[in-house]
Amino acid sequence: MVTDWFTGEGDGFRLLGTRCSACASVFFPREDGHCRNPACPGGDLEEVPLSRRGRVWSYTDSQYRPPSPYVSDPELPWEPYALIAVELESERIVVLGQAVPGITVADLTVGMEVEVVPGVLSEDAETTWTTWHWRPTGVTA
């Protein structure tokens with residue numbers, strides 16, 4: 001798990017960003033050092049939970065075996081997965097993430113509503129590495 005990028009479980013699961021108190025710009029991944037807005041004189045950065053739902057801005061599939069930190073068994077055939085860029089309207093940002101397992105590019109359309117849900121990056125006998133996934137609203141898998 002990447003520390004301080006998300007929190008909660010189930011319907012309470014949220015990505016965490018930061019908002020500048022001077023210009024109201026929102027950042028994800030979070031920014032804890034300084035405001036990245038070049039027009040801003042700088043302000044305090046406060047942690048904020050991001051919207052749970054957004055709209056598909058763009059999407060593609062990953063046809064290659066990714067590098068670390070993604071873990072995959074080179075002995076098994078590669079299974080492509082969908083990547084979704086999601087526009088969070090109230091934050092005025094786009095957040096990239098994987099689709100939930102089972103959702104392919106054939107299931108997606110630009111403008112479709114999706115929600116953020118907890119996901120598993122990889123796991124072994126001792127550890128489960130968690131992440132976030134995007135799931136079309138109304139899908140329960």
# chains A, B, ... in the order shown; residues from 1 in each chain; ligands from 1
call {"tool": "residues_around", "arguments": {"residues": "Glu46 in chain A", "least_positions_apart": "2", "cutoff": "7 Å", "atoms": "only C-alpha atoms", "output": "short mmCIF file (atom, residue, chain, number, x, y, z; two decimals) with N, CA and C atoms, in the first residue's frame"}}
result
data_model
loop_
_atom_site.label_atom_id
_atom_site.label_comp_id
_atom_site.auth_asym_id
_atom_site.auth_seq_id
_atom_site.Cartn_x
_atom_site.Cartn_y
_atom_site.Cartn_z
N THR A 18 -4.53 16.48 -1.80
CA THR A 18 -4.30 17.69 -1.00
C THR A 18 -4.85 18.88 -1.76
N ARG A 19 -5.30 19.89 -1.01
CA ARG A 19 -5.84 21.12 -1.59
C ARG A 19 -5.05 22.29 -1.03
N CYS A 20 -4.69 23.21 -1.93
CA CYS A 20 -3.98 24.42 -1.53
C CYS A 20 -4.98 25.42 -0.95
N ASP A 44 -1.10 26.77 2.54
CA ASP A 44 -1.04 25.51 3.27
C ASP A 44 -1.72 24.43 2.44
N VAL A 48 -7.45 16.13 1.65
CA VAL A 48 -8.88 16.10 1.33
C VAL A 48 -9.21 14.75 0.70
#
call {"tool": "residues_around", "arguments": {"residues": "Ala22 in chain A", "least_positions_apart": "3", "cutoff": "10 Å", "atoms": "only C-alpha atoms", "output": "ChimeraX atom specification"}}
result
/A:19,25,35,40-45
call {"tool": "closest_residue", "arguments": {"among": "A:Glu87, A:Val95, A:Thr109, A:Tyr70", "to": "Glu123 in chain A", "atoms": "only C-alpha atoms"}}
result
A:Tyr70
call {"tool": "residues_around", "arguments": {"residues": "Ile84 in chain A", "least_positions_apart": "4", "cutoff": "8 Å", "atoms": "only C-alpha atoms", "output": "JSON, numbers by chain"}}
result
{"A": [56, 57, 58, 59, 60, 96, 97, 98, 99, 134]}
call {"tool": "closest_residue", "arguments": {"among": "A:Arg65, A:Asp4, A:Asp107, A:Arg92", "to": "Phe27 in chain A", "atoms": "only C-alpha atoms"}}
result
A:Arg92
call {"tool": "closest_residue", "arguments": {"among": "A:Leu50, A:Ala39, A:Leu83, A:Val114", "to": "Thr7 in chain A", "atoms": "only C-alpha atoms"}}
result
A:Leu50
call {"tool": "select_by_dssp", "arguments": {"residues": "range 6-79 of chain A", "states": "strand (DSSP E)", "output": "ChimeraX atom specification"}}
result
/A:6-7,14-20,26-27,45-49,53-62
call {"tool": "residues_around", "arguments": {"residues": "Pro69 in chain A", "least_positions_apart": "6", "cutoff": "10 Å", "atoms": "only C-alpha atoms", "output": "PyMOL selection string"}}
result
chain A and resi 121-122+129
call {"tool": "write_last_selection", "arguments": {"atoms": "N, CA and C atoms", "output": "compact mmCIF listing (two decimals), in the first residue's frame"}}
result
# COMPACT_ATOMS: atom_id res chain seq x y z
N LEU A 121 -3.10 -5.07 -5.61
CA LEU A 121 -2.01 -4.95 -6.57
C LEU A 121 -1.34 -6.31 -6.73
N SER A 122 -1.00 -6.94 -5.59
CA SER A 122 -0.45 -8.30 -5.58
C SER A 122 -0.49 -8.79 -4.15
N TRP A 129 -0.71 -6.30 -1.03
CA TRP A 129 -0.46 -4.91 -1.42
C TRP A 129 -1.74 -4.37 -2.04
call {"tool": "closest_residue", "arguments": {"among": "A:Arg52, A:Val110, A:Ile103, A:Val94", "to": "Gly8 in chain A", "atoms": "only C-alpha atoms"}}
result
A:Arg52
call {"tool": "closest_residue", "arguments": {"among": "A:Asp124, A:Trp78, A:Arg14, A:Gly54", "to": "Pro136 in chain A", "atoms": "only C-alpha atoms"}}
result
A:Gly54
call {"tool": "closest_residue", "arguments": {"among": "A:Glu79, A:Asp11, A:Glu91, A:Asp73", "to": "Phe28 in chain A", "atoms": "only C-alpha atoms"}}
result
A:Glu91
